Amino acid sequence: MTYVTSGEVCKLLNITKYTLRHYIEQDLVRPAKVAQNGYQLFNEKEIYTLYQILFLKKAGFSLKDISETFSNEQSITLSYQEMLGQVEKQIQELSEVKQRLEHMLSIQNSLHLNKTTIQDRPIRYLKQIPHHLLKGETELDFKQIVHQKELDLSLFEERYYVINLQDDTTISYYVSNEHDYDVRLDAGSYAVKSFLAGDEEKVIEEIEAFLHEVPFTQESAQPSSIILYENVPVSVTYQNSMVYTVEQGAGNRR
């Protein structure tokens, strides 16, 4: 029978000696024998057991779960079914992370900070944030939100604010869908400006600058309202500032 040393096992399975020693201490695997010089020796059976441990760990099992599986051979099939469920869940989560990263990159690549441009926008559907979940017109009241039986997590995504320039009021919205919305922003060309702001004063300053930069037509020398929203996916890269975007366009709002 051929034996290999612990160092050779680690090289074969691409693990560290610390990892192998930890598995031995957890009684998940034992050397086939110990040589007179103190070297721990392993044969094919132990190497296969180590392969099983590494495979199950990669699938999301804890060492405790693996130990229980090894001690009850009748539960192996059930464990594999659970493992398959965990893997499918991980695939779904990774798919959502991939979509989010693609969304973040798309937004970041289309941003032109501190520059007013004309951009085409698709149809967007917004749902008004209930008044009891807000402090004032725009600040979320987390004490109220935490007691919601059904919490719509999209509240924490891009929040939109429709600012009425005539009476200086603001209504807060979050992104929804065509089946459940209060306001629809039609597709069309919008004047757009994105900027960094760390406080409300900076936001107001940028909005005022934007209103002077937008090429309004003679028929509409001054818009009655504008749209402001938080670019949450991009803002995660900034610690003390938020990336805001202000828009004004011909898109009808219902």
# chains A, B, ... in the order shown; residues from 1 in each chain; ligands from 1
>>> select_by_dssp(residues="segment 154-231 of chain A", states="strand (DSSP E or B)", output="MDAnalysis selection string")
chainID A and resid 159:164 169:175 177 180 183:185 188:197 225:230
>>> write_last_selection(atoms="N, CA, C and O atoms", output="tab-separated table (two decimals), in the first residue's frame")
chain	number	residue	atom	x	y	z
A	159	ARG	N	-34.23	56.43	-4.49
A	159	ARG	CA	-35.43	57.18	-4.11
A	159	ARG	C	-35.55	58.41	-4.98
A	159	ARG	O	-34.59	59.12	-5.22
A	160	TYR	N	-36.76	58.64	-5.45
A	160	TYR	CA	-37.03	59.78	-6.32
A	160	TYR	C	-37.78	60.86	-5.54
A	160	TYR	O	-38.61	60.56	-4.67
A	161	TYR	N	-37.51	62.10	-5.89
A	161	TYR	CA	-38.22	63.23	-5.31
A	161	TYR	C	-38.72	64.11	-6.45
A	161	TYR	O	-37.94	64.54	-7.30
A	162	VAL	N	-40.03	64.33	-6.46
A	162	VAL	CA	-40.59	65.27	-7.43
A	162	VAL	C	-40.77	66.60	-6.69
A	162	VAL	O	-41.54	66.71	-5.74
A	163	ILE	N	-40.01	67.60	-7.13
A	163	ILE	CA	-39.98	68.90	-6.46
A	163	ILE	C	-40.82	69.89	-7.25
A	163	ILE	O	-40.54	70.17	-8.42
A	164	ASN	N	-41.87	70.40	-6.63
A	164	ASN	CA	-42.73	71.42	-7.24
A	164	ASN	C	-42.07	72.77	-7.02
A	164	ASN	O	-41.93	73.24	-5.89
A	169	THR	N	-42.67	72.37	-2.66
A	169	THR	CA	-42.99	71.13	-1.95
A	169	THR	C	-42.31	69.95	-2.64
A	169	THR	O	-41.99	70.01	-3.82
A	170	THR	N	-42.12	68.89	-1.88
A	170	THR	CA	-41.44	67.71	-2.40
A	170	THR	C	-42.24	66.45	-2.04
A	170	THR	O	-42.69	66.30	-0.90
A	171	ILE	N	-42.41	65.56	-3.00
A	171	ILE	CA	-43.07	64.28	-2.75
A	171	ILE	C	-42.04	63.18	-2.99
A	171	ILE	O	-41.33	63.18	-4.00
A	172	SER	N	-41.94	62.24	-2.05
A	172	SER	CA	-40.94	61.17	-2.12
A	172	SER	C	-41.53	59.90	-2.71
A	172	SER	O	-42.66	59.50	-2.37
A	173	TYR	N	-40.76	59.24	-3.57
A	173	TYR	CA	-41.19	58.01	-4.24
A	173	TYR	C	-40.06	56.99	-4.20
A	173	TYR	O	-38.90	57.32	-3.94
A	174	TYR	N	-40.41	55.74	-4.47
A	174	TYR	CA	-39.41	54.71	-4.72
A	174	TYR	C	-39.79	54.01	-6.01
A	174	TYR	O	-40.92	54.09	-6.49
A	175	VAL	N	-38.80	53.31	-6.60
A	175	VAL	CA	-39.01	52.68	-7.90
A	175	VAL	C	-39.96	51.49	-7.76
A	175	VAL	O	-39.80	50.65	-6.89
A	177	ASN	N	-43.24	49.31	-10.37
A	177	ASN	CA	-43.42	48.67	-11.67
A	177	ASN	C	-44.75	49.10	-12.28
A	177	ASN	O	-45.54	49.81	-11.66
A	180	ASP	N	-48.09	48.59	-10.31
A	180	ASP	CA	-48.34	49.21	-9.01
A	180	ASP	C	-47.53	50.51	-8.92
A	180	ASP	O	-46.38	50.49	-8.50
A	183	VAL	N	-46.94	57.34	-10.02
A	183	VAL	CA	-46.44	58.29	-11.01
A	183	VAL	C	-45.69	57.53	-12.09
A	183	VAL	O	-44.91	56.63	-11.78
A	184	ARG	N	-45.93	57.91	-13.33
A	184	ARG	CA	-45.20	57.33	-14.44
A	184	ARG	C	-44.40	58.45	-15.12
A	184	ARG	O	-44.96	59.47	-15.51
A	185	LEU	N	-43.11	58.21	-15.24
A	185	LEU	CA	-42.27	59.14	-15.97
A	185	LEU	C	-42.13	58.59	-17.38
A	185	LEU	O	-41.55	57.52	-17.58
A	188	GLY	N	-38.42	59.57	-22.96
A	188	GLY	CA	-38.16	60.80	-23.71
A	188	GLY	C	-36.80	61.38	-23.38
A	188	GLY	O	-36.00	60.78	-22.66
A	189	SER	N	-36.56	62.56	-23.92
A	189	SER	CA	-35.30	63.25	-23.68
A	189	SER	C	-35.41	64.11	-22.43
A	189	SER	O	-36.38	64.87	-22.27
A	190	TYR	N	-34.43	63.99	-21.57
A	190	TYR	CA	-34.39	64.75	-20.33
A	190	TYR	C	-33.06	65.49	-20.21
A	190	TYR	O	-32.01	64.96	-20.61
A	191	ALA	N	-33.14	66.69	-19.68
A	191	ALA	CA	-31.92	67.39	-19.26
A	191	ALA	C	-31.49	66.75	-17.95
A	191	ALA	O	-32.29	66.62	-17.02
A	192	VAL	N	-30.22	66.34	-17.86
A	192	VAL	CA	-29.76	65.55	-16.72
A	192	VAL	C	-28.44	66.11	-16.19
A	192	VAL	O	-27.55	66.47	-16.96
A	193	LYS	N	-28.33	66.15	-14.87
A	193	LYS	CA	-27.07	66.53	-14.24
A	193	LYS	C	-26.88	65.68	-12.99
A	193	LYS	O	-27.77	65.60	-12.14
A	194	SER	N	-25.72	65.06	-12.87
A	194	SER	CA	-25.38	64.28	-11.68
A	194	SER	C	-24.28	65.00	-10.90
A	194	SER	O	-23.40	65.63	-11.50
A	195	PHE	N	-24.35	64.87	-9.59
A	195	PHE	CA	-23.37	65.58	-8.75
A	195	PHE	C	-23.24	64.89	-7.41
A	195	PHE	O	-24.11	64.12	-6.99
A	196	LEU	N	-22.14	65.18	-6.73
A	196	LEU	CA	-21.89	64.68	-5.38
A	196	LEU	C	-22.34	65.73	-4.37
A	196	LEU	O	-22.07	66.92	-4.54
A	197	ALA	N	-23.02	65.27	-3.32
A	197	ALA	CA	-23.43	66.20	-2.27
A	197	ALA	C	-23.41	65.49	-0.93
A	197	ALA	O	-23.85	64.35	-0.81
A	225	SER	N	-41.87	71.67	-12.31
A	225	SER	CA	-41.31	70.72	-11.36
A	225	SER	C	-40.06	70.07	-11.96
A	225	SER	O	-39.86	70.08	-13.18
A	226	ILE	N	-39.26	69.51	-11.09
A	226	ILE	CA	-38.08	68.77	-11.52
A	226	ILE	C	-38.02	67.46	-10.75
A	226	ILE	O	-38.71	67.28	-9.73
A	227	ILE	N	-37.18	66.57	-11.22
A	227	ILE	CA	-37.01	65.25	-10.59
A	227	ILE	C	-35.61	65.17	-10.00
A	227	ILE	O	-34.63	65.51	-10.66
A	228	LEU	N	-35.54	64.70	-8.77
A	228	LEU	CA	-34.25	64.48	-8.12
A	228	LEU	C	-34.24	63.05	-7.59
A	228	LEU	O	-35.23	62.59	-7.02
A	229	TYR	N	-33.15	62.34	-7.78
A	229	TYR	CA	-33.07	61.00	-7.20
A	229	TYR	C	-31.66	60.67	-6.77
A	229	TYR	O	-30.68	61.27	-7.22
A	230	GLU	N	-31.60	59.70	-5.86
A	230	GLU	CA	-30.32	59.25	-5.29
A	230	GLU	C	-29.82	58.05	-6.08
A	230	GLU	O	-30.53	57.08	-6.26
>>> select_by_dssp(residues="segment 25-249 of chain A", states="alpha helix (DSSP H)", output="PyMOL selection string")
chain A and resi 25+44-58+63-71+76-110+142-145+200-213+232-235
>>> atom_distance(atom1="atom CA of Thr117 of chain A", atom2="atom CA of Gln166 of chain A")
24.1 Å
>>> residues_around(residues="segment 47-61 of chain A", least_positions_apart="3", cutoff="12 Å", atoms="only C-alpha atoms", output="short mmCIF file (atom, residue, chain, number, x, y, z; two decimals) with all heavy atoms, in the first residue's frame")
data_model
loop_
_atom_site.label_atom_id
_atom_site.label_comp_id
_atom_site.auth_asym_id
_atom_site.auth_seq_id
_atom_site.Cartn_x
_atom_site.Cartn_y
_atom_site.Cartn_z
N THR A 2 0.51 2.23 -0.82
CA THR A 2 1.29 3.45 -0.94
C THR A 2 0.79 4.50 0.06
O THR A 2 -0.42 4.74 0.18
CB THR A 2 1.18 4.03 -2.36
OG1 THR A 2 1.63 3.04 -3.29
CG2 THR A 2 2.03 5.28 -2.50
N TYR A 3 1.71 5.10 0.76
CA TYR A 3 1.38 6.16 1.70
C TYR A 3 2.04 7.47 1.26
O TYR A 3 3.10 7.46 0.62
CB TYR A 3 1.87 5.82 3.11
CG TYR A 3 1.16 4.62 3.72
CD1 TYR A 3 1.73 3.34 3.63
CD2 TYR A 3 -0.06 4.78 4.36
CE1 TYR A 3 1.08 2.25 4.19
CE2 TYR A 3 -0.71 3.68 4.92
CZ TYR A 3 -0.14 2.43 4.82
OH TYR A 3 -0.78 1.35 5.36
N VAL A 4 1.38 8.58 1.61
CA VAL A 4 1.96 9.90 1.33
C VAL A 4 2.00 10.68 2.64
O VAL A 4 1.21 10.44 3.57
CB VAL A 4 1.14 10.69 0.28
CG1 VAL A 4 1.23 10.02 -1.08
CG2 VAL A 4 -0.32 10.83 0.71
N THR A 5 2.94 11.61 2.73
CA THR A 5 3.09 12.41 3.94
C THR A 5 2.05 13.54 3.97
O THR A 5 1.38 13.83 2.96
CB THR A 5 4.48 13.03 4.01
OG1 THR A 5 4.63 13.97 2.93
CG2 THR A 5 5.57 11.96 3.91
N SER A 6 1.95 14.19 5.12
CA SER A 6 1.01 15.30 5.25
C SER A 6 1.34 16.43 4.28
O SER A 6 0.45 17.06 3.71
CB SER A 6 1.00 15.82 6.69
OG SER A 6 2.29 16.25 7.07
N GLU A 8 2.75 16.11 1.36
CA GLU A 8 2.34 15.69 0.02
C GLU A 8 0.83 15.75 -0.14
O GLU A 8 0.32 16.11 -1.21
CB GLU A 8 2.85 14.27 -0.23
CG GLU A 8 4.37 14.20 -0.38
CD GLU A 8 4.89 12.78 -0.40
OE1 GLU A 8 4.28 11.91 0.27
OE2 GLU A 8 5.92 12.55 -1.07
N VAL A 9 0.09 15.42 0.92
CA VAL A 9 -1.37 15.53 0.89
C VAL A 9 -1.78 16.98 0.66
O VAL A 9 -2.66 17.28 -0.15
CB VAL A 9 -1.99 14.99 2.20
CG1 VAL A 9 -3.47 15.38 2.28
CG2 VAL A 9 -1.85 13.49 2.28
N CYS A 10 -1.15 17.89 1.38
CA CYS A 10 -1.48 19.32 1.26
C CYS A 10 -1.22 19.82 -0.16
O CYS A 10 -2.00 20.59 -0.72
CB CYS A 10 -0.68 20.14 2.26
SG CYS A 10 -1.15 19.84 3.98
N LYS A 11 -0.10 19.38 -0.72
CA LYS A 11 0.23 19.79 -2.09
C LYS A 11 -0.76 19.20 -3.08
O LYS A 11 -1.19 19.86 -4.03
CB LYS A 11 1.66 19.33 -2.43
CG LYS A 11 2.15 19.83 -3.77
CD LYS A 11 3.61 19.46 -3.97
CE LYS A 11 4.12 20.01 -5.31
NZ LYS A 11 5.55 19.68 -5.54
N LEU A 12 -1.16 17.95 -2.85
CA LEU A 12 -2.09 17.26 -3.74
C LEU A 12 -3.46 17.94 -3.75
O LEU A 12 -4.09 18.10 -4.81
CB LEU A 12 -2.23 15.80 -3.31
CG LEU A 12 -3.15 14.91 -4.15
CD1 LEU A 12 -2.58 14.74 -5.55
CD2 LEU A 12 -3.32 13.56 -3.47
N LEU A 13 -3.92 18.35 -2.57
CA LEU A 13 -5.26 18.91 -2.45
C LEU A 13 -5.27 20.45 -2.38
O LEU A 13 -6.33 21.06 -2.22
CB LEU A 13 -5.96 18.35 -1.21
CG LEU A 13 -6.20 16.84 -1.22
CD1 LEU A 13 -6.77 16.38 0.11
CD2 LEU A 13 -7.14 16.46 -2.36
N ASN A 14 -4.08 21.06 -2.47
CA ASN A 14 -3.94 22.51 -2.45
C ASN A 14 -4.53 23.11 -1.16
O ASN A 14 -5.32 24.05 -1.19
CB ASN A 14 -4.61 23.14 -3.67
CG ASN A 14 -4.20 24.60 -3.86
OD1 ASN A 14 -3.11 25.00 -3.45
ND2 ASN A 14 -5.07 25.38 -4.47
N ILE A 15 -4.14 22.53 -0.02
CA ILE A 15 -4.56 23.06 1.27
C ILE A 15 -3.30 23.30 2.11
O ILE A 15 -2.22 22.83 1.77
CB ILE A 15 -5.51 22.10 2.02
CG1 ILE A 15 -4.82 20.74 2.26
CG2 ILE A 15 -6.82 21.93 1.26
CD1 ILE A 15 -5.65 19.77 3.08
N THR A 19 -4.70 23.77 7.82
CA THR A 19 -6.04 23.25 7.52
C THR A 19 -6.11 21.75 7.78
O THR A 19 -7.06 21.26 8.40
CB THR A 19 -6.40 23.56 6.05
OG1 THR A 19 -6.43 24.97 5.85
CG2 THR A 19 -7.77 22.97 5.69
N LEU A 20 -5.10 21.03 7.30
CA LEU A 20 -5.08 19.58 7.52
C LEU A 20 -5.04 19.25 9.00
O LEU A 20 -5.78 18.37 9.48
CB LEU A 20 -3.86 18.97 6.81
CG LEU A 20 -3.66 17.46 7.02
CD1 LEU A 20 -4.87 16.67 6.56
CD2 LEU A 20 -2.40 17.00 6.30
N ARG A 21 -4.21 19.96 9.75
CA ARG A 21 -4.11 19.73 11.19
C ARG A 21 -5.45 20.02 11.87
O ARG A 21 -5.87 19.29 12.79
CB ARG A 21 -3.01 20.62 11.78
CG ARG A 21 -2.74 20.33 13.26
CD ARG A 21 -1.42 20.93 13.71
NE ARG A 21 -1.40 22.38 13.52
CZ ARG A 21 -0.64 23.02 12.64
NH1 ARG A 21 0.16 22.33 11.82
NH2 ARG A 21 -0.65 24.34 12.55
N HIS A 22 -6.14 21.06 11.42
CA HIS A 22 -7.44 21.40 12.01
C HIS A 22 -8.47 20.29 11.76
O HIS A 22 -9.24 19.94 12.66
CB HIS A 22 -7.94 22.72 11.41
CG HIS A 22 -9.22 23.21 12.01
ND1 HIS A 22 -9.37 23.46 13.36
CD2 HIS A 22 -10.43 23.47 11.44
CE1 HIS A 22 -10.61 23.87 13.60
NE2 HIS A 22 -11.27 23.88 12.45
N TYR A 23 -8.48 19.72 10.57
CA TYR A 23 -9.42 18.64 10.27
C TYR A 23 -9.12 17.41 11.13
O TYR A 23 -10.04 16.70 11.55
CB TYR A 23 -9.33 18.26 8.78
CG TYR A 23 -9.84 19.32 7.84
CD1 TYR A 23 -9.55 19.28 6.48
CD2 TYR A 23 -10.63 20.38 8.30
CE1 TYR A 23 -10.01 20.25 5.61
CE2 TYR A 23 -11.10 21.36 7.44
CZ TYR A 23 -10.78 21.28 6.09
OH TYR A 23 -11.23 22.24 5.23
N ILE A 24 -7.83 17.18 11.37
CA ILE A 24 -7.45 16.04 12.23
C ILE A 24 -7.89 16.30 13.66
O ILE A 24 -8.43 15.40 14.34
CB ILE A 24 -5.92 15.81 12.16
CG1 ILE A 24 -5.52 15.36 10.76
CG2 ILE A 24 -5.48 14.78 13.20
CD1 ILE A 24 -4.02 15.27 10.54
N GLN A 26 -10.38 18.06 14.60
CA GLN A 26 -11.84 17.96 14.63
C GLN A 26 -12.31 16.52 14.43
O GLN A 26 -13.52 16.26 14.38
CB GLN A 26 -12.45 18.86 13.56
CG GLN A 26 -12.21 20.35 13.76
CD GLN A 26 -12.88 20.87 15.01
OE1 GLN A 26 -14.04 20.57 15.29
NE2 GLN A 26 -12.14 21.64 15.81
N ASP A 27 -11.35 15.61 14.30
CA ASP A 27 -11.64 14.17 14.14
C ASP A 27 -12.45 13.89 12.87
O ASP A 27 -13.26 12.97 12.84
CB ASP A 27 -12.38 13.64 15.37
CG ASP A 27 -12.23 12.13 15.51
OD1 ASP A 27 -11.20 11.60 15.03
OD2 ASP A 27 -13.13 11.48 16.08
N LEU A 28 -12.23 14.71 11.85
CA LEU A 28 -12.90 14.46 10.57
C LEU A 28 -12.10 13.47 9.73
O LEU A 28 -12.66 12.79 8.87
CB LEU A 28 -13.06 15.78 9.81
CG LEU A 28 -14.03 16.80 10.43
CD1 LEU A 28 -13.96 18.12 9.70
CD2 LEU A 28 -15.46 16.25 10.41
N VAL A 29 -10.80 13.43 9.95
CA VAL A 29 -9.95 12.50 9.23
C VAL A 29 -8.79 12.12 10.16
O VAL A 29 -8.40 12.91 11.02
CB VAL A 29 -9.41 13.13 7.92
CG1 VAL A 29 -8.51 14.31 8.20
CG2 VAL A 29 -8.73 12.09 7.05
N ARG A 30 -8.26 10.93 9.99
CA ARG A 30 -7.12 10.49 10.79
C ARG A 30 -6.05 9.92 9.87
O ARG A 30 -6.37 9.31 8.84
CB ARG A 30 -7.55 9.41 11.79
CG ARG A 30 -8.55 9.89 12.84
CD ARG A 30 -8.96 8.73 13.72
NE ARG A 30 -9.94 9.13 14.73
CZ ARG A 30 -10.53 8.29 15.57
NH1 ARG A 30 -10.22 6.99 15.53
NH2 ARG A 30 -11.40 8.73 16.45
N PRO A 31 -4.80 10.10 10.22
CA PRO A 31 -3.73 9.48 9.42
C PRO A 31 -3.89 7.96 9.44
O PRO A 31 -4.35 7.38 10.43
CB PRO A 31 -2.44 9.91 10.14
CG PRO A 31 -2.84 11.07 10.99
CD PRO A 31 -4.26 10.85 11.37
N ALA A 32 -3.52 7.34 8.35
CA ALA A 32 -3.58 5.87 8.30
C ALA A 32 -2.61 5.27 9.30
O ALA A 32 -2.90 4.26 9.94
CB ALA A 32 -3.26 5.38 6.89
N LEU A 41 1.15 9.64 7.97
CA LEU A 41 1.04 9.07 6.63
C LEU A 41 -0.43 8.80 6.28
O LEU A 41 -1.23 8.41 7.14
CB LEU A 41 1.85 7.78 6.54
CG LEU A 41 3.35 7.92 6.86
CD1 LEU A 41 4.02 6.56 6.81
CD2 LEU A 41 4.02 8.90 5.92
N PHE A 42 -0.75 9.02 5.03
CA PHE A 42 -2.14 8.89 4.56
C PHE A 42 -2.16 8.00 3.32
O PHE A 42 -1.23 8.02 2.51
CB PHE A 42 -2.71 10.26 4.21
CG PHE A 42 -2.69 11.25 5.34
CD1 PHE A 42 -1.52 11.97 5.64
CD2 PHE A 42 -3.81 11.48 6.13
CE1 PHE A 42 -1.49 12.88 6.68
CE2 PHE A 42 -3.78 12.39 7.17
CZ PHE A 42 -2.61 13.08 7.45
N ASN A 43 -3.25 7.25 3.20
CA ASN A 43 -3.41 6.45 2.00
C ASN A 43 -4.63 6.96 1.21
O ASN A 43 -5.18 8.01 1.51
CB ASN A 43 -3.53 4.96 2.33
CG ASN A 43 -4.74 4.67 3.21
OD1 ASN A 43 -5.70 5.43 3.25
ND2 ASN A 43 -4.69 3.56 3.94
N GLU A 44 -5.07 6.19 0.24
CA GLU A 44 -6.14 6.63 -0.66
C GLU A 44 -7.44 6.93 0.10
O GLU A 44 -8.15 7.89 -0.22
CB GLU A 44 -6.40 5.54 -1.72
CG GLU A 44 -7.44 5.95 -2.75
CD GLU A 44 -7.64 4.89 -3.81
OE1 GLU A 44 -6.86 3.91 -3.82
OE2 GLU A 44 -8.57 5.03 -4.62
N LYS A 64 -19.20 21.19 11.41
CA LYS A 64 -20.12 20.46 12.28
C LYS A 64 -21.10 19.65 11.44
O LYS A 64 -21.39 18.48 11.74
CB LYS A 64 -20.88 21.44 13.18
CG LYS A 64 -21.86 20.77 14.11
CD LYS A 64 -22.61 21.79 14.97
CE LYS A 64 -23.63 21.10 15.87
NZ LYS A 64 -24.40 22.09 16.67
N ASP A 65 -21.64 20.26 10.36
CA ASP A 65 -22.55 19.54 9.47
C ASP A 65 -21.86 18.34 8.84
O ASP A 65 -22.45 17.26 8.72
CB ASP A 65 -23.05 20.48 8.37
CG ASP A 65 -23.93 21.60 8.90
OD1 ASP A 65 -24.55 21.40 9.95
OD2 ASP A 65 -23.98 22.67 8.26
N ILE A 66 -20.62 18.54 8.42
CA ILE A 66 -19.86 17.46 7.78
C ILE A 66 -19.63 16.31 8.76
O ILE A 66 -19.79 15.14 8.42
CB ILE A 66 -18.52 17.99 7.24
CG1 ILE A 66 -18.78 19.02 6.13
CG2 ILE A 66 -17.66 16.85 6.70
CD1 ILE A 66 -17.55 19.76 5.68
N SER A 67 -19.29 16.65 10.00
CA SER A 67 -19.06 15.63 11.01
C SER A 67 -20.33 14.82 11.25
O SER A 67 -20.28 13.58 11.35
CB SER A 67 -18.60 16.29 12.32
OG SER A 67 -18.43 15.32 13.33
N GLU A 68 -21.48 15.50 11.32
CA GLU A 68 -22.75 14.79 11.55
C GLU A 68 -23.09 13.91 10.36
O GLU A 68 -23.63 12.81 10.52
CB GLU A 68 -23.86 15.81 11.80
CG GLU A 68 -23.71 16.54 13.13
CD GLU A 68 -24.77 17.62 13.32
OE1 GLU A 68 -25.52 17.88 12.36
OE2 GLU A 68 -24.83 18.21 14.43
N THR A 69 -22.78 14.38 9.15
CA THR A 69 -23.04 13.58 7.95
C THR A 69 -22.19 12.31 7.94
O THR A 69 -22.67 11.21 7.65
CB THR A 69 -22.75 14.40 6.68
OG1 THR A 69 -23.61 15.52 6.65
CG2 THR A 69 -22.96 13.57 5.42
N PHE A 70 -20.92 12.46 8.32
CA PHE A 70 -20.02 11.30 8.34
C PHE A 70 -20.43 10.29 9.40
O PHE A 70 -20.22 9.08 9.23
CB PHE A 70 -18.59 11.75 8.62
CG PHE A 70 -17.91 12.40 7.43
CD1 PHE A 70 -16.64 12.96 7.55
CD2 PHE A 70 -18.53 12.44 6.19
CE1 PHE A 70 -16.02 13.55 6.46
CE2 PHE A 70 -17.92 13.03 5.09
CZ PHE A 70 -16.66 13.58 5.23
N ILE A 76 -26.80 10.63 4.37
CA ILE A 76 -25.99 11.22 3.29
C ILE A 76 -26.86 11.70 2.14
O ILE A 76 -26.68 12.81 1.63
CB ILE A 76 -24.96 10.19 2.80
CG1 ILE A 76 -23.87 10.00 3.87
CG2 ILE A 76 -24.33 10.65 1.48
CD1 ILE A 76 -22.80 9.01 3.49
N SER A 79 -28.56 14.78 3.11
CA SER A 79 -27.58 15.87 3.18
C SER A 79 -27.27 16.40 1.79
O SER A 79 -27.14 17.60 1.58
CB SER A 79 -26.29 15.38 3.85
OG SER A 79 -26.53 15.06 5.20
N TYR A 80 -27.18 15.50 0.81
CA TYR A 80 -26.91 15.93 -0.56
C TYR A 80 -28.09 16.73 -1.11
O TYR A 80 -27.90 17.68 -1.88
CB TYR A 80 -26.62 14.73 -1.44
CG TYR A 80 -25.24 14.14 -1.25
CD1 TYR A 80 -24.90 12.92 -1.80
CD2 TYR A 80 -24.26 14.83 -0.52
CE1 TYR A 80 -23.62 12.38 -1.62
CE2 TYR A 80 -23.00 14.30 -0.33
CZ TYR A 80 -22.69 13.08 -0.88
OH TYR A 80 -21.43 12.56 -0.69
N GLN A 81 -29.30 16.34 -0.71
CA GLN A 81 -30.47 17.11 -1.15
C GLN A 81 -30.43 18.51 -0.56
O GLN A 81 -30.72 19.50 -1.24
CB GLN A 81 -31.76 16.38 -0.72
CG GLN A 81 -32.02 15.09 -1.51
CD GLN A 81 -33.22 14.33 -0.99
OE1 GLN A 81 -33.71 14.59 0.12
NE2 GLN A 81 -33.72 13.39 -1.77
N GLU A 82 -30.07 18.59 0.73
CA GLU A 82 -29.95 19.89 1.37
C GLU A 82 -28.83 20.70 0.72
O GLU A 82 -28.95 21.91 0.51
CB GLU A 82 -29.66 19.71 2.86
CG GLU A 82 -30.82 19.11 3.64
CD GLU A 82 -30.46 18.83 5.09
OE1 GLU A 82 -29.27 18.96 5.43
OE2 GLU A 82 -31.36 18.46 5.86
N MET A 83 -27.74 20.01 0.38
CA MET A 83 -26.61 20.67 -0.25
C MET A 83 -27.01 21.24 -1.61
O MET A 83 -26.65 22.38 -1.95
CB MET A 83 -25.46 19.68 -0.42
CG MET A 83 -24.21 20.29 -1.03
SD MET A 83 -22.82 19.13 -0.96
CE MET A 83 -23.43 17.80 -1.98
N LEU A 84 -27.78 20.48 -2.37
CA LEU A 84 -28.24 20.95 -3.67
C LEU A 84 -29.10 22.20 -3.50
O LEU A 84 -28.97 23.17 -4.26
CB LEU A 84 -29.05 19.86 -4.37
CG LEU A 84 -29.63 20.23 -5.74
CD1 LEU A 84 -28.53 20.61 -6.71
CD2 LEU A 84 -30.46 19.08 -6.30
N GLY A 85 -29.97 22.19 -2.47
CA GLY A 85 -30.79 23.38 -2.20
C GLY A 85 -29.94 24.58 -1.85
O GLY A 85 -30.21 25.70 -2.31
N GLN A 86 -28.89 24.37 -1.05
CA GLN A 86 -28.00 25.46 -0.68
C GLN A 86 -27.24 25.99 -1.89
O GLN A 86 -27.07 27.20 -2.05
CB GLN A 86 -27.01 24.99 0.39
CG GLN A 86 -27.64 24.72 1.75
CD GLN A 86 -26.60 24.39 2.80
OE1 GLN A 86 -25.46 24.77 2.71
NE2 GLN A 86 -27.02 23.64 3.81
N VAL A 87 -26.80 25.08 -2.76
CA VAL A 87 -26.07 25.50 -3.95
C VAL A 87 -26.98 26.33 -4.87
O VAL A 87 -26.56 27.36 -5.41
CB VAL A 87 -25.50 24.28 -4.70
CG1 VAL A 87 -24.97 24.68 -6.08
CG2 VAL A 87 -24.40 23.63 -3.89
N GLU A 88 -28.21 25.87 -5.04
CA GLU A 88 -29.16 26.61 -5.88
C GLU A 88 -29.43 27.99 -5.30
O GLU A 88 -29.54 28.98 -6.03
CB GLU A 88 -30.46 25.82 -6.02
CG GLU A 88 -30.31 24.58 -6.88
CD GLU A 88 -31.57 23.74 -6.92
OE1 GLU A 88 -32.45 23.95 -6.04
OE2 GLU A 88 -31.70 22.89 -7.82
N LYS A 89 -29.49 28.06 -3.96
CA LYS A 89 -29.69 29.36 -3.31
C LYS A 89 -28.49 30.27 -3.54
O LYS A 89 -28.64 31.46 -3.82
CB LYS A 89 -29.93 29.16 -1.81
CG LYS A 89 -30.18 30.46 -1.05
CD LYS A 89 -30.40 30.20 0.43
CE LYS A 89 -30.61 31.50 1.18
NZ LYS A 89 -30.79 31.26 2.65
N GLN A 90 -27.29 29.70 -3.44
CA GLN A 90 -26.08 30.48 -3.66
C GLN A 90 -26.00 30.97 -5.10
O GLN A 90 -25.59 32.11 -5.36
CB GLN A 90 -24.85 29.63 -3.33
CG GLN A 90 -24.68 29.36 -1.84
CD GLN A 90 -23.55 28.37 -1.57
OE1 GLN A 90 -22.95 27.82 -2.48
NE2 GLN A 90 -23.27 28.15 -0.31
N ILE A 91 -26.40 30.11 -6.04
CA ILE A 91 -26.40 30.51 -7.45
C ILE A 91 -27.36 31.68 -7.67
O ILE A 91 -27.03 32.64 -8.37
CB ILE A 91 -26.79 29.32 -8.35
CG1 ILE A 91 -25.67 28.27 -8.34
CG2 ILE A 91 -27.07 29.78 -9.78
CD1 ILE A 91 -26.04 26.98 -9.05
#
>>> atom_distance(atom1="atom CA of Lys202 of chain A", atom2="atom CA of Leu113 of chain A")
14.1 Å
>>> atom_distance(atom1="atom CA of Tyr181 of chain A", atom2="atom CA of Ile129 of chain A")
10.7 Å
>>> residues_around(residues="Pro233 of chain A", least_positions_apart="3", cutoff="9 Å", atoms="only C-alpha atoms", output="list in words")
Arg100, Leu101, His103, Met104, Leu105, Ile107, Gln108, Glu157, Glu158, Glu230, Val236 and Thr237 of chain A
>>> closest_residue(among="A:Pro223, A:Ala209, A:Ala35, A:Asn72", to="Lys115 of chain A", atoms="only C-alpha atoms")
A:Ala209
>>> closest_residue(among="A:His131, A:Lys33, A:Lys45, A:Arg124", to="Ala187 of chain A", atoms="only C-alpha atoms")
A:Arg124
